[in-house]
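J.: Once you've had a glance at the structure underneath, I'll fire off some questions.
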Amino acid sequence: MSTEPSQVVEVQQTEHPYIVRVPGICGGRPTIKGTRITVQLIAELYKVGDSVEEMLQGYPHLPAAAVYDAISYYLDHQPEIEQAIVNNRLEALIAKHDLTMDEQGVLHFSKATTK
């Protein structure tokens, strides 16, 4: 048994009932309440044409209302979510972390950042 006090996590409710932000969970990005599924992920699936039914097949533990709410949050906060999508692209991560990719597609940190 731990003698350390348990940490209270502050859940930041958004104007959308199924969408929350929790500091320290998924970088504080908006997620579906009770999960680590980000609005960004749902938005990316939505943008490539996945239907809500297809999303629910991949995430059967989610209620349909939560997926619809994530899409609604995306549409209400499109510039923020679009920027997160851009920042998470491979090219952006390579530039941000000074990575190189070899012929096999393996990423490597530069020697300056591995010290």
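In the structure tokens, the first chain shown is A, the next is B, and so on; residue numbers restart at 1 for each chain, and ligands run from 1 in the order shown.
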Give me, as a JSON list (two decimals) with N, CA and C atoms, in the first residue's frame, all polymer residues having an atom no more than 10 Å from Pro30 in chain A, counting only C-alpha atoms and skipping those fewer than 4 positions away in the same chain.
T.:
[["chain", "number", "residue", "atom", "x", "y", "z"],
["A", 12, "GLN", "N", -11.08, 19.30, -17.10],
["A", 12, "GLN", "CA", -11.63, 20.56, -17.58],
["A", 12, "GLN", "C", -12.73, 20.25, -18.59],
["A", 13, "GLN", "N", -13.95, 20.46, -18.16],
["A", 13, "GLN", "CA", -15.10, 20.22, -19.03],
["A", 13, "GLN", "C", -15.14, 21.30, -20.11],
["A", 14, "THR", "N", -15.51, 20.93, -21.30],
["A", 14, "THR", "CA", -15.67, 21.89, -22.39],
["A", 14, "THR", "C", -17.16, 22.18, -22.56],
["A", 18, "TYR", "N", -19.37, 15.51, -24.01],
["A", 18, "TYR", "CA", -18.50, 14.32, -24.03],
["A", 18, "TYR", "C", -17.02, 14.67, -24.17],
["A", 19, "ILE", "N", -16.67, 15.93, -24.29],
["A", 19, "ILE", "CA", -15.30, 16.33, -24.57],
["A", 19, "ILE", "C", -14.71, 17.05, -23.36],
["A", 20, "VAL", "N", -13.53, 16.57, -22.94],
["A", 20, "VAL", "CA", -12.83, 17.16, -21.79],
["A", 20, "VAL", "C", -11.36, 17.37, -22.14],
["A", 21, "ARG", "N", -10.72, 18.17, -21.32],
["A", 21, "ARG", "CA", -9.27, 18.33, -21.35],
["A", 21, "ARG", "C", -8.77, 17.95, -19.95],
["A", 22, "VAL", "N", -7.74, 17.11, -19.91],
["A", 22, "VAL", "CA", -7.17, 16.70, -18.64],
["A", 22, "VAL", "C", -5.67, 16.95, -18.72],
["A", 23, "PRO", "N", -5.16, 17.89, -17.91],
["A", 23, "PRO", "CA", -3.71, 18.13, -17.92],
["A", 23, "PRO", "C", -2.96, 16.82, -17.68],
["A", 25, "ILE", "N", -2.87, 14.25, -19.68],
["A", 25, "ILE", "CA", -3.44, 13.17, -20.50],
["A", 25, "ILE", "C", -3.48, 13.65, -21.94],
["A", 26, "CYS", "N", -2.79, 12.95, -22.80],
["A", 26, "CYS", "CA", -2.74, 13.30, -24.23],
["A", 26, "CYS", "C", -2.31, 14.76, -24.42],
["A", 36, "ARG", "N", -8.71, 7.98, -23.84],
["A", 36, "ARG", "CA", -7.56, 8.71, -24.38],
["A", 36, "ARG", "C", -7.74, 8.94, -25.88],
["A", 37, "ILE", "N", -8.95, 8.86, -26.33],
["A", 37, "ILE", "CA", -9.25, 9.09, -27.75],
["A", 37, "ILE", "C", -9.42, 10.58, -27.96],
["A", 38, "THR", "N", -8.53, 11.15, -28.77],
["A", 38, "THR", "CA", -8.55, 12.59, -28.96],
["A", 38, "THR", "C", -9.55, 13.00, -30.03],
["A", 39, "VAL", "N", -10.00, 14.24, -29.88],
["A", 39, "VAL", "CA", -10.84, 14.83, -30.93],
["A", 39, "VAL", "C", -10.05, 14.85, -32.23],
["A", 40, "GLN", "N", -8.75, 15.07, -32.14],
["A", 40, "GLN", "CA", -7.91, 15.08, -33.33],
["A", 40, "GLN", "C", -8.02, 13.76, -34.09],
["A", 70, "ALA", "N", -17.56, 14.66, -30.66],
["A", 70, "ALA", "CA", -16.17, 14.94, -31.05],
["A", 70, "ALA", "C", -16.13, 15.62, -32.42],
["A", 73, "TYR", "N", -17.26, 19.15, -31.88],
["A", 73, "TYR", "CA", -16.18, 19.94, -31.26],
["A", 73, "TYR", "C", -15.16, 20.33, -32.33],
["A", 74, "TYR", "N", -14.79, 19.37, -33.17],
["A", 74, "TYR", "CA", -13.86, 19.66, -34.26],
["A", 74, "TYR", "C", -14.38, 20.79, -35.13],
["A", 81, "ILE", "N", -7.83, 22.37, -34.06],
["A", 81, "ILE", "CA", -7.64, 20.95, -34.34],
["A", 81, "ILE", "C", -6.83, 20.76, -35.62]]
J.: Taking only C-alpha atoms into account, which of A:Glu44, A:Glu10, A:Tyr59, A:Gly28 comes nearest Ile85 in chain A?
T.: A:Glu44
J.: Please identify the alpha helix (DSSP H) residues within chain A (assignment by DSSP from backbone atoms) and present them as number ranges by chain.
T.: A: 39-47, 52-58, 64-76, 78-87, 90-96
J.: Of the candidates A:Leu99, A:Leu56, A:Ala43, A:Val48, which shows the shortest atom-to-atom distance to His77 in chain A, using only C-alpha atoms?
T.: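 Once distances to His77 in chain A are computed over only C-alpha atoms, the minimum belongs to A:Ala43.
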J.: Any chance you could list, as a count of residues only, the residues in chain A that come up strand (DSSP E) when DSSP is run on the backbone?
T.: 13
J.: Do you have the CA of Met55 in chain A-CA of Pro17 in chain A distance handy?
T.: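 Value for the CA of Met55 in chain A-CA of Pro17 in chain A distance: 19.0 Å.
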J.: Work out how far apart CA of Asp102 in chain A and CA of Val86 in chain A are and give it in Å to one decimal.
T.: 22.6 Å
